[in-house]
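With TSV, C-alpha atoms inside, this is coords21.tsv:
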```tsv
chain	number	residue	atom	x	y	z
A	202	ASP	CA	-9.46	-2.12	-23.41
A	203	THR	CA	-8.72	-3.25	-19.91
A	204	ALA	CA	-7.12	-0.39	-17.98
A	205	VAL	CA	-5.26	-2.47	-15.38
A	206	SER	CA	-4.82	-6.11	-16.30
A	207	GLN	CA	-3.41	-8.87	-14.17
A	208	THR	CA	-2.40	-12.36	-15.16
A	209	PRO	CA	-3.16	-15.00	-14.24
A	210	LYS	CA	-6.63	-14.58	-12.76
A	211	TYR	CA	-6.33	-17.82	-10.80
A	212	LEU	CA	-3.19	-19.55	-9.60
A	213	VAL	CA	-3.12	-22.83	-7.71
A	214	THR	CA	0.29	-24.09	-6.67
A	215	GLN	CA	2.03	-26.24	-4.11
A	216	MET	CA	3.91	-25.07	-1.07
A	217	GLY	CA	7.53	-24.31	-1.74
A	218	ASN	CA	7.03	-23.33	-5.38
A	219	ASP	CA	8.01	-19.98	-6.89
A	220	LYS	CA	5.42	-18.04	-8.89
A	221	SER	CA	4.93	-14.67	-10.54
A	222	ILE	CA	1.93	-12.44	-11.09
A	223	LYS	CA	2.05	-9.85	-13.83
A	224	CYS	CA	0.37	-6.46	-13.97
A	225	GLU	CA	0.13	-3.98	-16.81
A	226	GLN	CA	-1.70	-0.66	-17.10
A	227	ASN	CA	-2.46	1.33	-20.22
A	228	LEU	CA	-3.64	4.50	-18.49
A	229	GLY	CA	-0.35	6.36	-18.67
A	230	HIS	CA	-0.08	6.38	-14.87
A	231	ASP	CA	3.36	6.58	-13.32
A	232	THR	CA	2.62	4.90	-9.98
A	233	MET	CA	1.61	1.28	-9.41
A	234	TYR	CA	0.76	-0.73	-6.32
A	235	TRP	CA	0.29	-4.25	-5.02
A	236	TYR	CA	-2.34	-4.99	-2.40
A	237	LYS	CA	-3.11	-8.26	-0.64
A	238	GLN	CA	-6.72	-9.06	0.26
A	239	ASP	CA	-7.23	-11.80	2.81
A	240	SER	CA	-10.21	-14.08	3.26
A	241	LYS	CA	-11.96	-11.49	5.42
A	242	LYS	CA	-11.65	-8.91	2.63
A	243	PHE	CA	-9.04	-6.86	4.50
A	244	LEU	CA	-6.80	-4.97	2.07
A	245	LYS	CA	-3.17	-4.36	2.92
A	246	ILE	CA	-0.73	-2.43	0.82
A	247	MET	CA	2.44	-4.33	0.01
A	248	PHE	CA	4.43	-2.19	-2.42
A	249	SER	CA	4.23	0.90	-4.55
A	250	TYR	CA	6.44	2.04	-7.40
A	251	ASN	CA	6.74	5.44	-9.01
A	252	ASN	CA	8.51	5.53	-12.37
A	253	LYS	CA	10.18	2.20	-11.61
A	254	GLU	CA	11.38	3.41	-8.20
A	255	LEU	CA	10.25	1.61	-5.04
A	256	ILE	CA	8.29	4.03	-2.84
A	257	ILE	CA	6.42	1.90	-0.32
A	258	ASN	CA	7.73	-1.38	0.98
A	259	GLU	CA	5.53	-2.47	3.85
A	260	THR	CA	6.42	-5.22	6.26
A	261	VAL	CA	6.23	-8.06	3.80
A	262	PRO	CA	8.34	-11.24	3.88
A	263	ASN	CA	11.35	-10.90	1.64
A	264	ARG	CA	10.06	-13.91	-0.29
A	265	PHE	CA	7.95	-11.29	-2.09
A	266	SER	CA	9.87	-9.27	-4.64
A	267	PRO	CA	8.30	-6.68	-6.91
A	268	LYS	CA	9.84	-5.80	-10.24
A	269	SER	CA	8.99	-2.83	-12.41
A	270	PRO	CA	10.64	-3.02	-15.85
A	271	ASP	CA	8.89	0.19	-16.91
A	272	LYS	CA	6.22	2.46	-15.48
A	273	ALA	CA	3.43	0.51	-17.19
A	274	HIS	CA	4.33	-2.82	-15.59
A	275	LEU	CA	4.68	-4.04	-12.03
A	276	ASN	CA	5.20	-7.75	-11.47
A	277	LEU	CA	5.19	-9.65	-8.21
A	278	HIS	CA	7.42	-12.65	-7.71
A	279	ILE	CA	6.92	-14.93	-4.72
A	280	ASN	CA	9.51	-17.48	-3.64
A	281	SER	CA	8.96	-20.54	-1.49
A	282	LEU	CA	5.20	-20.17	-1.32
A	283	GLU	CA	3.49	-20.86	2.00
A	284	LEU	CA	-0.10	-21.71	2.88
A	285	GLY	CA	-0.53	-18.27	4.43
A	286	ASP	CA	0.20	-16.62	1.10
A	287	SER	CA	-3.19	-17.74	-0.16
A	288	ALA	CA	-5.14	-14.56	-0.86
A	289	VAL	CA	-6.32	-12.33	-3.67
A	290	TYR	CA	-3.62	-9.98	-4.91
A	291	PHE	CA	-4.67	-6.72	-6.52
A	292	CYS	CA	-2.62	-4.44	-8.68
A	293	ALA	CA	-3.59	-0.77	-8.93
A	294	SER	CA	-2.29	2.37	-10.58
A	295	SER	CA	-2.64	6.14	-10.31
A	296	PRO	CA	-0.94	9.33	-11.38
A	297	TRP	CA	1.60	10.41	-8.77
A	298	GLY	CA	0.07	12.85	-6.29
A	299	ASP	CA	-3.32	12.87	-8.04
A	300	THR	CA	-6.34	12.84	-5.75
A	301	ARG	CA	-8.71	11.08	-8.12
A	302	GLY	CA	-8.12	7.67	-6.58
A	303	TYR	CA	-6.70	4.42	-7.83
A	304	THR	CA	-7.68	2.14	-10.70
A	305	PHE	CA	-7.61	-1.52	-9.70
A	306	GLY	CA	-7.14	-4.68	-11.65
A	307	SER	CA	-9.58	-7.56	-11.24
A	308	GLY	CA	-7.27	-9.50	-8.96
A	309	THR	CA	-5.31	-12.76	-8.92
A	310	ARG	CA	-6.62	-15.44	-6.60
A	311	LEU	CA	-3.61	-17.39	-5.32
A	312	THR	CA	-4.25	-20.71	-3.61
A	313	VAL	CA	-1.32	-22.54	-2.06
A	314	VAL	CA	-1.96	-26.21	-1.32
B	277	GLY	CA	-0.46	6.55	11.52
B	278	ASN	CA	-3.29	7.15	9.10
B	279	SER	CA	-6.19	4.74	9.33
B	280	VAL	CA	-9.91	4.32	8.78
B	281	THR	CA	-12.48	2.45	10.81
B	282	GLN	CA	-15.75	1.41	9.26
B	283	MET	CA	-18.75	-0.35	10.68
B	284	GLU	CA	-18.58	-4.08	10.68
B	285	GLY	CA	-20.95	-5.98	8.52
B	286	PRO	CA	-22.63	-7.73	7.18
B	287	VAL	CA	-25.49	-5.35	6.52
B	288	THR	CA	-28.69	-6.81	5.13
B	289	LEU	CA	-31.44	-4.54	3.85
B	290	SER	CA	-34.62	-4.85	1.86
B	291	GLU	CA	-34.86	-3.17	-1.51
B	292	GLU	CA	-35.65	0.57	-1.30
B	293	ALA	CA	-34.40	0.80	2.30
B	294	PHE	CA	-32.10	3.61	3.45
B	295	LEU	CA	-28.42	2.77	3.74
B	296	THR	CA	-25.79	4.20	6.06
B	297	ILE	CA	-22.31	2.74	6.41
B	298	ASN	CA	-20.25	4.57	9.00
B	299	CYS	CA	-16.62	5.48	8.46
B	300	THR	CA	-14.30	7.46	10.73
B	301	TYR	CA	-10.68	8.27	10.13
B	302	THR	CA	-7.48	9.12	11.95
B	303	ALA	CA	-4.92	11.16	10.07
B	304	THR	CA	-2.48	13.98	10.37
B	305	GLY	CA	-3.25	16.97	8.24
B	306	TYR	CA	-5.99	16.88	5.64
B	307	PRO	CA	-6.37	13.59	3.84
B	308	SER	CA	-8.54	12.86	0.83
B	309	LEU	CA	-11.34	10.41	1.57
B	310	PHE	CA	-12.81	7.76	-0.70
B	311	TRP	CA	-15.42	5.07	-0.95
B	312	TYR	CA	-14.71	2.08	-3.14
B	313	VAL	CA	-17.08	-0.75	-4.07
B	314	GLN	CA	-16.14	-4.35	-4.82
B	315	TYR	CA	-18.66	-6.54	-6.61
B	316	PRO	CA	-18.26	-10.32	-6.33
B	317	GLY	CA	-15.24	-11.61	-8.20
B	318	GLU	CA	-14.11	-8.15	-9.27
B	319	GLY	CA	-11.56	-5.55	-8.30
B	320	LEU	CA	-12.32	-2.37	-6.41
B	321	GLN	CA	-14.01	0.50	-8.21
B	322	LEU	CA	-13.92	4.09	-7.05
B	323	LEU	CA	-17.45	5.05	-6.00
B	324	LEU	CA	-16.96	8.62	-4.78
B	325	LYS	CA	-14.43	10.90	-3.13
B	326	ALA	CA	-13.95	14.16	-1.26
B	327	THR	CA	-10.72	16.06	-0.97
B	328	LYS	CA	-11.45	18.71	1.65
B	329	ALA	CA	-13.66	19.42	4.64
B	330	ASP	CA	-17.38	19.86	3.89
B	331	ASP	CA	-17.00	18.45	0.38
B	332	LYS	CA	-19.75	16.04	-0.62
B	333	GLY	CA	-18.92	13.19	-2.95
B	334	SER	CA	-21.76	11.59	-4.88
B	335	ASN	CA	-22.25	8.93	-7.51
B	336	LYS	CA	-25.01	6.48	-8.52
B	337	GLY	CA	-27.27	7.75	-5.75
B	338	PHE	CA	-24.61	7.31	-3.06
B	339	GLU	CA	-23.37	10.29	-1.06
B	340	ALA	CA	-20.77	10.99	1.62
B	341	THR	CA	-19.76	14.26	3.26
B	342	TYR	CA	-16.27	14.98	4.58
B	343	ARG	CA	-16.81	16.03	8.21
B	344	LYS	CA	-13.60	17.29	9.75
B	345	GLU	CA	-15.19	18.04	13.13
B	346	THR	CA	-16.26	14.43	13.60
B	347	THR	CA	-13.50	12.92	11.39
B	348	SER	CA	-16.16	11.01	9.50
B	349	PHE	CA	-17.14	10.15	5.94
B	350	HIS	CA	-20.33	8.10	6.22
B	351	LEU	CA	-21.79	6.55	3.08
B	352	GLU	CA	-25.52	6.96	2.47
B	353	LYS	CA	-28.07	6.01	-0.14
B	354	GLY	CA	-31.73	6.79	0.06
B	355	SER	CA	-33.09	3.69	-1.68
B	356	VAL	CA	-30.90	0.64	-2.23
B	357	GLN	CA	-31.34	-1.88	-5.02
B	358	VAL	CA	-30.45	-5.55	-5.24
B	359	SER	CA	-27.66	-4.55	-7.64
B	360	ASP	CA	-26.01	-2.54	-4.84
B	361	SER	CA	-25.08	-5.77	-3.07
B	362	ALA	CA	-21.30	-5.64	-2.74
B	363	VAL	CA	-18.48	-4.94	-0.29
B	364	TYR	CA	-17.89	-1.24	0.41
B	365	PHE	CA	-14.52	0.13	1.50
B	366	CYS	CA	-13.77	3.47	3.06
B	367	ALA	CA	-10.25	4.74	2.38
B	368	LEU	CA	-8.00	7.70	2.94
B	369	SER	CA	-4.87	9.04	1.38
B	370	ARG	CA	-2.66	11.95	2.38
B	371	ASP	CA	-1.12	12.40	-1.04
B	372	ASN	CA	-2.75	9.65	-3.10
B	373	ASN	CA	0.43	7.64	-2.94
B	374	ASP	CA	-0.41	5.64	0.17
B	375	MET	CA	-4.09	4.66	0.17
B	376	ARG	CA	-5.25	3.02	3.41
B	377	PHE	CA	-8.45	1.02	3.46
B	378	GLY	CA	-10.98	0.14	6.12
B	379	ALA	CA	-11.92	-3.48	6.73
B	380	GLY	CA	-14.85	-3.41	4.29
B	381	THR	CA	-18.57	-3.73	4.90
B	382	ARG	CA	-20.56	-6.36	3.06
B	383	LEU	CA	-24.00	-5.18	1.97
B	384	THR	CA	-26.71	-7.59	0.88
B	385	VAL	CA	-29.95	-6.19	-0.50
B	386	LYS	CA	-32.90	-8.56	-0.68
B	387	PRO	CA	-35.81	-8.16	-3.08
```
Using the file provided, produce a representation of the structure as structure tokens.
Amino acid sequence: DTAVSQTPKYLVTQMGNDKSIKCEQNLGHDTMYWYKQDSKKFLKIMFSYNNKELIINETVPNRFSPKSPDKAHLNLHINSLELGDSAVYFCASSPWGDTRGYTFGSGTRLTVV
Amino acid sequence: GNSVTQMEGPVTLSEEAFLTINCTYTATGYPSLFWYVQYPGEGLQLLLKATKADDKGSNKGFEATYRKETTSFHLEKGSVQVSDSAVYFCALSRDNNDMRFGAGTRLTVKP
């Protein structure tokens, strides 16, 4: 009964490849997020979607493209992967405007070689 | 913009020691404040929260009080256990749609 599930958990790929990470939540939340966590554990928001509409689009290379087919799914596609993209990517969800905090997935560790 | 600053780690304590991890924030208006915990290899879990000044959040023996006068939300626990070893993140959100995290503080508790 995983609340926020991400696939894959680990992803190792070569520079220049294109890859996708999928995220699904079964909590009935209408807002979803992608965060990037670097090797020093720093968390940076990348995108947020509310009911399939892009709300936050931080300064992220346009090689990163989120896609939300419905409010329960938010996928992240990355083109032309670079070494610096290596990180752990976390998906999260919450009800819009709710102050109870976010529910996070367990993360996808991306390693670009 | 909105941001949080938390004490740098790592923090190493012996079991049953007292824990304080400092967190201060900068924000316009009245944000909600949170502490999240990340155990090795896992995602972040909400530990506690406070939504207005003087509120105290508490969970699993951890506490933090929202201090508007000092713009702080320090995390405390009276007696830590080895199982508390993790990375702790302070965070704030104005409307829960833009959560900003501190840099994280790694806590190691030794038996």
Env of B:Val280: 6 Å cut, atoms = all atoms listed in the file, seq-sep filter 2 positions within chain, self excluded. Answer as a CSV table (one decimal) with C-alpha atoms, in the frame of the given file.
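Output contents, as saved in around36.csv:
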```
chain,number,residue,atom,x,y,z
B,300,THR,CA,-14.3,7.5,10.7
B,301,TYR,CA,-10.7,8.3,10.1
B,378,GLY,CA,-11.0,0.1,6.1
```
Requested in this report: Identify all chain B residues at most 9 Å from chain A by counting all atoms listed in the file; ligands do not count. Present them as a ChimeraX atom specification.
Outcome: /B:308,310,317-322,325-327,363,369-381
I need the chosen residues saved as a PDB file, in the frame of the given file, with C-alpha atoms.
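The file below, out.pdb, is the result:
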```pdb
ATOM      1  CA  SER B 308      -8.540  12.860   0.830  1.00  0.00           C
ATOM      2  CA  PHE B 310     -12.810   7.760  -0.700  1.00  0.00           C
ATOM      3  CA  GLY B 317     -15.240 -11.610  -8.200  1.00  0.00           C
ATOM      4  CA  GLU B 318     -14.110  -8.150  -9.270  1.00  0.00           C
ATOM      5  CA  GLY B 319     -11.560  -5.550  -8.300  1.00  0.00           C
ATOM      6  CA  LEU B 320     -12.320  -2.370  -6.410  1.00  0.00           C
ATOM      7  CA  GLN B 321     -14.010   0.500  -8.210  1.00  0.00           C
ATOM      8  CA  LEU B 322     -13.920   4.090  -7.050  1.00  0.00           C
ATOM      9  CA  LYS B 325     -14.430  10.900  -3.130  1.00  0.00           C
ATOM     10  CA  ALA B 326     -13.950  14.160  -1.260  1.00  0.00           C
ATOM     11  CA  THR B 327     -10.720  16.060  -0.970  1.00  0.00           C
ATOM     12  CA  VAL B 363     -18.480  -4.940  -0.290  1.00  0.00           C
ATOM     13  CA  SER B 369      -4.870   9.040   1.380  1.00  0.00           C
ATOM     14  CA  ARG B 370      -2.660  11.950   2.380  1.00  0.00           C
ATOM     15  CA  ASP B 371      -1.120  12.400  -1.040  1.00  0.00           C
ATOM     16  CA  ASN B 372      -2.750   9.650  -3.100  1.00  0.00           C
ATOM     17  CA  ASN B 373       0.430   7.640  -2.940  1.00  0.00           C
ATOM     18  CA  ASP B 374      -0.410   5.640   0.170  1.00  0.00           C
ATOM     19  CA  MET B 375      -4.090   4.660   0.170  1.00  0.00           C
ATOM     20  CA  ARG B 376      -5.250   3.020   3.410  1.00  0.00           C
ATOM     21  CA  PHE B 377      -8.450   1.020   3.460  1.00  0.00           C
ATOM     22  CA  GLY B 378     -10.980   0.140   6.120  1.00  0.00           C
ATOM     23  CA  ALA B 379     -11.920  -3.480   6.730  1.00  0.00           C
ATOM     24  CA  GLY B 380     -14.850  -3.410   4.290  1.00  0.00           C
ATOM     25  CA  THR B 381     -18.570  -3.730   4.900  1.00  0.00           C
TER      26      THR B 381
END
```
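Coordinates place atom CA of A:Leu284 at a distance of 7.8 Å from atom CA of A:Thr312.
Those residues that approach B:Ser355 to within 9 Å, counting only C-alpha atoms, are Glu291, Glu292, Ala293, Phe294, Leu295 and Gly337 of chain B; same-chain residues fewer than 5 positions away are not listed.
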Report summary line: Taken to one decimal, the atom CA of B:Val385-atom CA of B:Cys366 distance is 19.2 Å
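Reported to one decimal place, the separation of atom CA of A:Gln207 from atom CA of A:Glu225 is 6.6 Å.
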**Report entry** Shell of 9 Å around B:Lys344, only C-alpha atoms, local chain residues under 3 positions omitted, as a PyMOL selection string
**Finding:** chain B and resi 306+328-330+347-349
Query - Shortest interatomic distance to A:Met216 - which of A:Asp239, A:Asp231, A:Asp286, A:Glu254, counting only C-alpha atoms - result: A:Asp286
Please return stretch 284-304 of chain A, rebuilt to N, CA and C atoms, as a compact mmCIF listing (two decimals), keeping the file's coordinate frame.
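Listed below is the output, out-v4.txt:
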```
# COMPACT_ATOMS: atom_id res chain seq x y z
N LEU A 284 1.36 -21.67 2.83
CA LEU A 284 -0.10 -21.71 2.88
C LEU A 284 -0.69 -20.33 3.16
N GLY A 285 -0.03 -19.58 4.03
CA GLY A 285 -0.53 -18.27 4.43
C GLY A 285 -0.47 -17.22 3.32
N ASP A 286 0.16 -17.56 2.23
CA ASP A 286 0.20 -16.62 1.10
C ASP A 286 -1.08 -16.67 0.28
N SER A 287 -1.92 -17.64 0.56
CA SER A 287 -3.19 -17.74 -0.16
C SER A 287 -4.02 -16.50 0.10
N ALA A 288 -4.43 -15.84 -0.97
CA ALA A 288 -5.14 -14.56 -0.86
C ALA A 288 -5.48 -14.12 -2.28
N VAL A 289 -6.14 -12.98 -2.37
CA VAL A 289 -6.32 -12.33 -3.67
C VAL A 289 -5.37 -11.14 -3.71
N TYR A 290 -4.59 -11.06 -4.76
CA TYR A 290 -3.62 -9.98 -4.91
C TYR A 290 -4.13 -9.01 -5.98
N PHE A 291 -4.18 -7.75 -5.61
CA PHE A 291 -4.67 -6.72 -6.52
C PHE A 291 -3.54 -5.76 -6.90
N CYS A 292 -3.48 -5.48 -8.16
CA CYS A 292 -2.62 -4.44 -8.68
C CYS A 292 -3.47 -3.19 -8.89
N ALA A 293 -2.88 -2.03 -8.71
CA ALA A 293 -3.59 -0.77 -8.93
C ALA A 293 -2.61 0.25 -9.50
N SER A 294 -3.16 1.31 -10.07
CA SER A 294 -2.29 2.37 -10.58
C SER A 294 -2.94 3.72 -10.37
N SER A 295 -2.14 4.76 -10.41
CA SER A 295 -2.64 6.14 -10.31
C SER A 295 -1.57 7.09 -10.81
N PRO A 296 -1.96 8.30 -11.16
CA PRO A 296 -0.94 9.33 -11.38
C PRO A 296 -0.35 9.73 -10.03
N TRP A 297 0.93 10.02 -10.01
CA TRP A 297 1.60 10.41 -8.77
C TRP A 297 0.99 11.70 -8.22
N GLY A 298 0.57 11.64 -6.95
CA GLY A 298 0.07 12.85 -6.29
C GLY A 298 -1.33 13.27 -6.71
N ASP A 299 -1.97 12.52 -7.58
CA ASP A 299 -3.32 12.87 -8.04
C ASP A 299 -4.34 12.40 -7.02
N THR A 300 -5.38 13.19 -6.78
CA THR A 300 -6.34 12.84 -5.75
C THR A 300 -7.58 12.15 -6.30
N ARG A 301 -7.51 11.68 -7.54
CA ARG A 301 -8.71 11.08 -8.12
C ARG A 301 -8.88 9.61 -7.76
N GLY A 302 -7.96 9.05 -6.99
CA GLY A 302 -8.12 7.67 -6.58
C GLY A 302 -7.36 6.71 -7.46
N TYR A 303 -7.44 5.46 -7.13
CA TYR A 303 -6.70 4.42 -7.83
C TYR A 303 -7.61 3.66 -8.79
N THR A 304 -7.00 3.08 -9.83
CA THR A 304 -7.68 2.14 -10.70
C THR A 304 -7.13 0.74 -10.41
```
